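Colleague: Below is the file coords-v6.pdb, which contains PDB, N, CA and C atoms and all ligand atoms.
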ATOM      1  N   MET A   1       0.823  -1.191   0.000
ATOM      2  CA  MET A   1       0.000   0.000   0.000
ATOM      3  C   MET A   1       0.870   1.259   0.000
ATOM      4  N   LEU A   2       1.929   1.228   0.775
ATOM      5  CA  LEU A   2       2.830   2.385   0.845
ATOM      6  C   LEU A   2       3.495   2.665  -0.503
ATOM      7  N   LEU A   3       3.857   1.608  -1.188
ATOM      8  CA  LEU A   3       4.470   1.782  -2.514
ATOM      9  C   LEU A   3       3.446   2.328  -3.498
ATOM     10  N   LEU A   4       2.209   1.856  -3.407
ATOM     11  CA  LEU A   4       1.146   2.377  -4.275
ATOM     12  C   LEU A   4       0.943   3.875  -4.021
ATOM     13  N   ILE A   5       0.905   4.267  -2.761
ATOM     14  CA  ILE A   5       0.740   5.698  -2.427
ATOM     15  C   ILE A   5       1.888   6.503  -3.031
ATOM     16  N   ASN A   6       3.086   5.978  -2.935
ATOM     17  CA  ASN A   6       4.231   6.688  -3.522
ATOM     18  C   ASN A   6       4.107   6.818  -5.033
ATOM     19  N   ARG A   7       3.657   5.753  -5.681
ATOM     20  CA  ARG A   7       3.489   5.825  -7.150
ATOM     21  C   ARG A   7       2.409   6.852  -7.496
ATOM     22  N   LEU A   8       1.321   6.884  -6.719
ATOM     23  CA  LEU A   8       0.252   7.864  -6.951
ATOM     24  C   LEU A   8       0.744   9.293  -6.718
ATOM     25  N   LEU A   9       1.742   9.437  -5.872
ATOM     26  CA  LEU A   9       2.333  10.755  -5.620
ATOM     27  C   LEU A   9       3.432  11.091  -6.632
ATOM     28  N   GLY A  10       3.634  10.202  -7.601
ATOM     29  CA  GLY A  10       4.589  10.485  -8.671
ATOM     30  C   GLY A  10       6.020  10.088  -8.392
ATOM     31  N   VAL A  11       6.233   9.297  -7.359
ATOM     32  CA  VAL A  11       7.600   8.862  -7.038
ATOM     33  C   VAL A  11       8.061   7.805  -8.038
ATOM     34  N   ALA A  12       9.230   8.002  -8.594
ATOM     35  CA  ALA A  12       9.829   7.003  -9.493
ATOM     36  C   ALA A  12      10.773   6.130  -8.663
ATOM     37  N   PHE A  13      10.558   4.840  -8.740
ATOM     38  CA  PHE A  13      11.411   3.934  -7.961
ATOM     39  C   PHE A  13      12.718   3.670  -8.695
ATOM     40  N   PRO A  14      13.785   3.504  -7.941
ATOM     41  CA  PRO A  14      15.068   3.216  -8.587
ATOM     42  C   PRO A  14      15.076   1.791  -9.150
ATOM     43  N   HIS A  15      15.937   1.564 -10.125
ATOM     44  CA  HIS A  15      16.077   0.212 -10.671
ATOM     45  C   HIS A  15      17.057  -0.619  -9.855
ATOM     46  N   GLN A  16      17.912   0.089  -9.157
ATOM     47  CA  GLN A  16      18.850  -0.631  -8.293
ATOM     48  C   GLN A  16      19.220   0.238  -7.099
ATOM     49  N   ARG A  17      19.768  -0.422  -6.104
ATOM     50  CA  ARG A  17      20.176   0.236  -4.871
ATOM     51  C   ARG A  17      21.385   1.129  -5.148
ATOM     52  N   GLU A  18      21.336   2.368  -4.689
ATOM     53  CA  GLU A  18      22.463   3.277  -4.909
ATOM     54  C   GLU A  18      23.636   2.929  -3.992
ATOM     55  N   ASN A  19      23.310   2.582  -2.760
ATOM     56  CA  ASN A  19      24.340   2.206  -1.780
ATOM     57  C   ASN A  19      24.034   0.781  -1.324
ATOM     58  N   LEU A  20      24.920  -0.143  -1.640
ATOM     59  CA  LEU A  20      24.658  -1.557  -1.369
ATOM     60  C   LEU A  20      24.443  -1.868   0.101
ATOM     61  N   SER A  21      24.973  -1.029   0.981
ATOM     62  CA  SER A  21      24.842  -1.314   2.414
ATOM     63  C   SER A  21      23.711  -0.509   3.056
ATOM     64  N   SER A  22      22.884   0.094   2.226
ATOM     65  CA  SER A  22      21.825   0.916   2.817
ATOM     66  C   SER A  22      20.459   0.607   2.190
ATOM     67  N   CYS A  23      19.494   1.399   2.577
ATOM     68  CA  CYS A  23      18.119   1.193   2.134
ATOM     69  C   CYS A  23      17.997   1.343   0.612
ATOM     70  N   PHE A  24      17.117   0.557   0.023
ATOM     71  CA  PHE A  24      16.885   0.587  -1.427
ATOM     72  C   PHE A  24      16.427   1.971  -1.894
ATOM     73  N   PHE A  25      15.734   2.693  -1.047
ATOM     74  CA  PHE A  25      15.161   3.988  -1.449
ATOM     75  C   PHE A  25      16.045   5.180  -1.110
ATOM     76  N   LEU A  26      17.187   4.939  -0.523
ATOM     77  CA  LEU A  26      18.078   6.042  -0.167
ATOM     78  C   LEU A  26      18.890   6.474  -1.386
ATOM     79  N   SER A  27      18.860   7.785  -1.648
ATOM     80  CA  SER A  27      19.678   8.342  -2.734
ATOM     81  C   SER A  27      20.687   9.300  -2.119
ATOM     82  N   SER A  28      21.561   9.827  -2.959
ATOM     83  CA  SER A  28      22.549  10.778  -2.442
ATOM     84  C   SER A  28      21.870  12.054  -1.940
ATOM     85  N   ALA A  29      20.629  12.279  -2.371
ATOM     86  CA  ALA A  29      19.880  13.464  -1.930
ATOM     87  C   ALA A  29      18.926  13.141  -0.772
ATOM     88  N   GLY A  30      18.985  11.936  -0.253
ATOM     89  CA  GLY A  30      18.094  11.542   0.841
ATOM     90  C   GLY A  30      17.086  10.507   0.394
ATOM     91  N   CYS A  31      16.031  10.374   1.174
ATOM     92  CA  CYS A  31      15.006   9.375   0.865
ATOM     93  C   CYS A  31      14.244   9.767  -0.399
ATOM     94  N   ARG A  32      14.037   8.796  -1.266
ATOM     95  CA  ARG A  32      13.304   9.052  -2.514
ATOM     96  C   ARG A  32      11.789   9.052  -2.302
ATOM     97  N   LEU A  33      11.346   8.447  -1.209
ATOM     98  CA  LEU A  33       9.909   8.279  -1.012
ATOM     99  C   LEU A  33       9.239   9.569  -0.540
ATOM    100  N   ALA A  34       8.024   9.791  -1.016
ATOM    101  CA  ALA A  34       7.225  10.926  -0.548
ATOM    102  C   ALA A  34       6.397  10.491   0.662
ATOM    103  N   ALA A  35       5.991   9.235   0.660
ATOM    104  CA  ALA A  35       5.247   8.663   1.775
ATOM    105  C   ALA A  35       6.117   7.563   2.369
ATOM    106  N   ARG A  36       6.499   7.734   3.615
ATOM    107  CA  ARG A  36       7.426   6.791   4.242
ATOM    108  C   ARG A  36       6.738   5.986   5.338
ATOM    109  N   HIS A  37       7.349   4.862   5.684
ATOM    110  CA  HIS A  37       6.859   4.018   6.764
ATOM    111  C   HIS A  37       6.928   4.807   8.076
ATOM    112  N   VAL A  38       6.035   4.477   8.999
ATOM    113  CA  VAL A  38       5.993   5.177  10.293
ATOM    114  C   VAL A  38       7.353   5.125  10.993
ATOM    115  N   LEU A  39       8.021   3.997  10.915
ATOM    116  CA  LEU A  39       9.343   3.884  11.558
ATOM    117  C   LEU A  39      10.319   4.892  10.963
ATOM    118  N   CYS A  40      10.246   5.076   9.659
ATOM    119  CA  CYS A  40      11.137   6.044   8.992
ATOM    120  C   CYS A  40      10.772   7.470   9.395
ATOM    121  N   ILE A  41       9.482   7.726   9.538
ATOM    122  CA  ILE A  41       9.049   9.078   9.908
ATOM    123  C   ILE A  41       9.498   9.397  11.336
ATOM    124  N   ASN A  42       9.351   8.442  12.231
ATOM    125  CA  ASN A  42       9.647   8.675  13.647
ATOM    126  C   ASN A  42      11.132   8.663  13.994
ATOM    127  N   TYR A  43      11.931   7.999  13.186
ATOM    128  CA  TYR A  43      13.330   7.839  13.559
ATOM    129  C   TYR A  43      14.119   9.141  13.370
ATOM    130  N   VAL A  44      14.730   9.562  14.448
ATOM    131  CA  VAL A  44      15.619  10.732  14.390
ATOM    132  C   VAL A  44      16.919  10.314  15.061
ATOM    133  N   CYS A  45      18.006  10.342  14.324
ATOM    134  CA  CYS A  45      19.276   9.848  14.855
ATOM    135  C   CYS A  45      19.919  10.858  15.809
ATOM    136  N   ASN A  46      20.923  10.385  16.557
ATOM    137  CA  ASN A  46      21.629  11.230  17.528
ATOM    138  C   ASN A  46      22.303  12.433  16.890
ATOM    139  N   LYS A  47      22.711  12.298  15.631
ATOM    140  CA  LYS A  47      23.345  13.426  14.941
ATOM    141  C   LYS A  47      22.410  14.624  14.917
ATOM    142  N   ILE A  48      21.125  14.332  14.763
ATOM    143  CA  ILE A  48      20.138  15.419  14.706
ATOM    144  C   ILE A  48      19.754  15.863  16.111
ATOM    145  N   THR A  49      19.417  14.915  16.977
ATOM    146  CA  THR A  49      18.941  15.300  18.317
ATOM    147  C   THR A  49      20.013  16.034  19.114
ATOM    148  N   SER A  50      21.283  15.760  18.831
ATOM    149  CA  SER A  50      22.352  16.445  19.575
ATOM    150  C   SER A  50      22.621  17.852  19.034
ATOM    151  N   ARG A  51      22.107  18.158  17.866
ATOM    152  CA  ARG A  51      22.386  19.466  17.256
ATOM    153  C   ARG A  51      21.233  20.452  17.305
ATOM    154  N   ILE A  52      20.036  19.965  17.541
ATOM    155  CA  ILE A  52      18.923  20.923  17.532
ATOM    156  C   ILE A  52      18.294  21.038  18.924
ATOM    157  N   LYS A  53      17.671  22.190  19.146
ATOM    158  CA  LYS A  53      17.117  22.509  20.469
ATOM    159  C   LYS A  53      15.842  21.709  20.726
ATOM    160  N   PRO A  54      15.535  21.478  22.033
ATOM    161  CA  PRO A  54      14.335  20.696  22.388
ATOM    162  C   PRO A  54      13.053  21.231  21.764
ATOM    163  N   ASP A  55      12.908  22.575  21.681
ATOM    164  CA  ASP A  55      11.667  23.099  21.103
ATOM    165  C   ASP A  55      11.593  22.798  19.607
ATOM    166  N   GLN A  56      12.746  22.688  18.971
ATOM    167  CA  GLN A  56      12.765  22.335  17.551
ATOM    168  C   GLN A  56      12.419  20.856  17.379
ATOM    169  N   ILE A  57      12.891  20.037  18.330
ATOM    170  CA  ILE A  57      12.528  18.601  18.308
ATOM    171  C   ILE A  57      11.011  18.472  18.472
ATOM    172  N   ALA A  58      10.451  19.268  19.369
ATOM    173  CA  ALA A  58       8.998  19.209  19.599
ATOM    174  C   ALA A  58       8.250  19.575  18.318
ATOM    175  N   ALA A  59       8.731  20.586  17.605
ATOM    176  CA  ALA A  59       8.091  20.982  16.344
ATOM    177  C   ALA A  59       8.214  19.865  15.314
ATOM    178  N   LEU A  60       9.377  19.224  15.302
ATOM    179  CA  LEU A  60       9.602  18.103  14.389
ATOM    180  C   LEU A  60       8.637  16.961  14.703
ATOM    181  N   ARG A  61       8.490  16.656  15.986
ATOM    182  CA  ARG A  61       7.579  15.567  16.402
ATOM    183  C   ARG A  61       6.129  15.899  16.026
ATOM    184  N   GLU A  62       5.774  17.163  16.125
ATOM    185  CA  GLU A  62       4.419  17.565  15.758
ATOM    186  C   GLU A  62       4.204  17.354  14.253
ATOM    187  N   ALA A  63       5.195  17.742  13.453
ATOM    188  CA  ALA A  63       5.100  17.552  12.000
ATOM    189  C   ALA A  63       5.026  16.060  11.673
ATOM    190  N   GLU A  64       5.774  15.254  12.422
ATOM    191  CA  GLU A  64       5.732  13.795  12.207
ATOM    192  C   GLU A  64       4.328  13.264  12.467
ATOM    193  N   GLY A  65       3.715  13.764  13.535
ATOM    194  CA  GLY A  65       2.363  13.335  13.869
ATOM    195  C   GLY A  65       1.382  13.659  12.747
ATOM    196  N   GLU A  66       1.521  14.846  12.180
ATOM    197  CA  GLU A  66       0.643  15.248  11.077
ATOM    198  C   GLU A  66       0.876  14.361   9.856
ATOM    199  N   GLU A  67       2.136  14.053   9.586
ATOM    200  CA  GLU A  67       2.464  13.208   8.434
ATOM    201  C   GLU A  67       1.883  11.810   8.612
ATOM    202  N   ILE A  68       1.994  11.278   9.821
ATOM    203  CA  ILE A  68       1.484   9.927  10.097
ATOM    204  C   ILE A  68      -0.039   9.907   9.995
ATOM    205  N   LEU A  69      -0.687  10.931  10.517
ATOM    206  CA  LEU A  69      -2.150  11.007  10.432
ATOM    207  C   LEU A  69      -2.596  11.086   8.974
ATOM    208  N   PHE A  70      -1.942  11.916   8.185
ATOM    209  CA  PHE A  70      -2.284  12.057   6.767
ATOM    210  C   PHE A  70      -2.076  10.721   6.036
ATOM    211  N   LEU A  71      -0.977  10.077   6.319
ATOM    212  CA  LEU A  71      -0.677   8.793   5.692
ATOM    213  C   LEU A  71      -1.733   7.749   6.062
ATOM    214  N   PHE A  72      -2.135   7.739   7.321
ATOM    215  CA  PHE A  72      -3.164   6.805   7.773
ATOM    216  C   PHE A  72      -4.478   7.054   7.025
ATOM    217  N   GLN A  73      -4.841   8.328   6.892
ATOM    218  CA  GLN A  73      -6.099   8.669   6.217
ATOM    219  C   GLN A  73      -6.054   8.264   4.738
ATOM    220  N   VAL A  74      -4.949   8.524   4.067
ATOM    221  CA  VAL A  74      -4.805   8.135   2.652
ATOM    222  C   VAL A  74      -4.873   6.614   2.542
ATOM    223  N   ASN A  75      -4.196   5.939   3.427
ATOM    224  CA  ASN A  75      -4.169   4.477   3.455
ATOM    225  C   ASN A  75      -5.590   3.910   3.604
ATOM    226  N   GLU A  76      -6.346   4.448   4.527
ATOM    227  CA  GLU A  76      -7.713   3.974   4.773
ATOM    228  C   GLU A  76      -8.607   4.227   3.554
ATOM    229  N   LYS A  77      -8.486   5.403   2.952
ATOM    230  CA  LYS A  77      -9.306   5.727   1.774
ATOM    231  C   LYS A  77      -8.956   4.789   0.609
ATOM    232  N   LEU A  78      -7.690   4.555   0.407
ATOM    233  CA  LEU A  78      -7.270   3.662  -0.673
ATOM    234  C   LEU A  78      -7.782   2.243  -0.457
ATOM    235  N   LYS A  79      -7.711   1.773   0.789
ATOM    236  CA  LYS A  79      -8.210   0.423   1.088
ATOM    237  C   LYS A  79      -9.687   0.300   0.738
ATOM    238  N   LYS A  80     -10.460   1.339   1.098
ATOM    239  CA  LYS A  80     -11.905   1.337   0.785
ATOM    240  C   LYS A  80     -12.121   1.326  -0.725
ATOM    241  N   LEU A  81     -11.351   2.148  -1.450
ATOM    242  CA  LEU A  81     -11.479   2.201  -2.910
ATOM    243  C   LEU A  81     -11.154   0.848  -3.545
ATOM    244  N   ILE A  82     -10.116   0.204  -3.070
ATOM    245  CA  ILE A  82      -9.680  -1.066  -3.645
ATOM    246  C   ILE A  82     -10.705  -2.164  -3.367
ATOM    247  N   LYS A  83     -11.264  -2.164  -2.141
ATOM    248  CA  LYS A  83     -12.254  -3.199  -1.786
ATOM    249  C   LYS A  83     -13.590  -2.974  -2.494
ATOM    250  N   GLY A  84     -13.840  -1.698  -2.887
ATOM    251  CA  GLY A  84     -15.041  -1.395  -3.663
ATOM    252  C   GLY A  84     -16.222  -1.014  -2.866
TER     253      GLY A  84
HETATM  254  S1  LIG A 101      13.574   7.046   5.312
HETATM  255 FE1  LIG A 101      13.127   4.873   5.283
HETATM  256  S2  LIG A 101      12.597   4.395   3.166
HETATM  257 FE2  LIG A 101      13.637   6.342   3.180
HETATM  258  S3  LIG A 101      15.775   5.870   2.796
HETATM  259 FE3  LIG A 101      15.517   5.951   5.004
HETATM  260  S4  LIG A 101      15.078   3.853   5.620
HETATM  261 FE4  LIG A 101      14.782   3.990   3.398
END
Would you encode the structure as structure tokens?
Ligand code: SF4
Modeller:
Amino acid sequence: MLLLINRLLGVAFPHQRENLSSCFFLSSAGCRLAARHVLCINYVCNKITSRIKPDQIAALREAEGEEILFLFQVNEKLKKLIKG
């Protein structure tokens, strides 16, 4: 379903992995996906958390929540459309 949402959003999938030791969707410019898995949305590494202020982290978490809610709603609508 997530891949379908990405295709509907116009994401072109790579033909091969850019970095053999990393995620299939990772490019030199970052993640290729417009709609990402919840784990990908929520994950913030220490490099980021150690460099930005707590209030900025809070804003980031709020944006993550909105992204997850939107993704859930799109997912539910698509499931209904597919089932008919
Ligand atoms: S955010 Fe997720 S899907 Fe995107 S490159 Fe990273 S691990 Fe892969």
Colleague: Which of these, A:Cys40, A:Ala12, A:Ala34, A:Leu3, has the shortest distance to ligand LIG 101 (chain A) once you count all atoms listed in the file?
Modeller: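 Looking at the shortest contact to ligand LIG 101 (chain A), the residue is A:Cys40.
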Colleague: If you count all atoms listed in the file, which residues end up within 6 Å of ligand LIG 101 (chain A), as a ChimeraX atom specification?
Modeller: /A:23-27,30-33,36-37,40-41
Colleague: I'd like the contact shell of A:Ile68 - 8 Å cut-off, all atoms listed in the file, skipping same-chain residues fewer than 4 positions apart - returned as a VMD selection string.
Modeller: chain A and resid 37 to 38 41 62 to 64 72 to 74
Colleague: I'd like to know which of A:Ile82, A:Ala58, A:Ile48, A:Asn6 is closest to A:Ala35, using only N, CA and C atoms.
Modeller: A:Asn6
Colleague: In Å, how far is it from atom N of A:Lys53 to atom CA of A:Gly65?
Modeller: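 Distance between the two atoms: 18.5 Å.
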Colleague: Apply DSSP to the backbone of this structure and, from chain A, keep only the residues in strand (DSSP E); write these as a PyMOL selection string.
Modeller: chain A and resi 26-27+30-31
Colleague: Please report the interatomic distance between atom CA of A:Leu71 and atom CA of A:Ser21 in Å with one decimal.
Modeller: 27.6 Å
Colleague: So what do you get for atom C of A:Leu60 versus atom C of A:Asn42, distance-wise?
Modeller: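 According to the coordinates, atom C of A:Leu60 and atom C of A:Asn42 are separated by 8.7 Å.
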Colleague: How about completing stretch 26-38 of chain A with N, CA, C and O atoms and giving it to me as a short mmCIF file (atom, residue, chain, number, x, y, z; two decimals), keeping the file's coordinate frame?
Modeller:
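Output contents, as saved in result_17.cif:
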data_model
loop_
_atom_site.label_atom_id
_atom_site.label_comp_id
_atom_site.auth_asym_id
_atom_site.auth_seq_id
_atom_site.Cartn_x
_atom_site.Cartn_y
_atom_site.Cartn_z
N LEU A 26 17.19 4.94 -0.52
CA LEU A 26 18.08 6.04 -0.17
C LEU A 26 18.89 6.47 -1.39
O LEU A 26 19.51 5.66 -2.06
N SER A 27 18.86 7.78 -1.65
CA SER A 27 19.68 8.34 -2.73
C SER A 27 20.69 9.30 -2.12
O SER A 27 20.64 9.58 -0.92
N SER A 28 21.56 9.83 -2.96
CA SER A 28 22.55 10.78 -2.44
C SER A 28 21.87 12.05 -1.94
O SER A 28 22.45 12.81 -1.16
N ALA A 29 20.63 12.28 -2.37
CA ALA A 29 19.88 13.46 -1.93
C ALA A 29 18.93 13.14 -0.77
O ALA A 29 18.14 13.98 -0.37
N GLY A 30 18.98 11.94 -0.25
CA GLY A 30 18.09 11.54 0.84
C GLY A 30 17.09 10.51 0.39
O GLY A 30 17.25 9.87 -0.65
N CYS A 31 16.03 10.37 1.17
CA CYS A 31 15.01 9.38 0.86
C CYS A 31 14.24 9.77 -0.40
O CYS A 31 13.84 10.91 -0.56
N ARG A 32 14.04 8.80 -1.27
CA ARG A 32 13.30 9.05 -2.51
C ARG A 32 11.79 9.05 -2.30
O ARG A 32 11.05 9.55 -3.14
N LEU A 33 11.35 8.45 -1.21
CA LEU A 33 9.91 8.28 -1.01
C LEU A 33 9.24 9.57 -0.54
O LEU A 33 9.80 10.32 0.26
N ALA A 34 8.02 9.79 -1.02
CA ALA A 34 7.22 10.93 -0.55
C ALA A 34 6.40 10.49 0.66
O ALA A 34 6.15 11.28 1.56
N ALA A 35 5.99 9.24 0.66
CA ALA A 35 5.25 8.66 1.78
C ALA A 35 6.12 7.56 2.37
O ALA A 35 6.45 6.60 1.69
N ARG A 36 6.50 7.73 3.62
CA ARG A 36 7.43 6.79 4.24
C ARG A 36 6.74 5.99 5.34
O ARG A 36 5.70 6.38 5.87
N HIS A 37 7.35 4.86 5.68
CA HIS A 37 6.86 4.02 6.76
C HIS A 37 6.93 4.81 8.08
O HIS A 37 7.79 5.68 8.23
N VAL A 38 6.04 4.48 9.00
CA VAL A 38 5.99 5.18 10.29
C VAL A 38 7.35 5.12 10.99
O VAL A 38 7.80 6.12 11.59
#
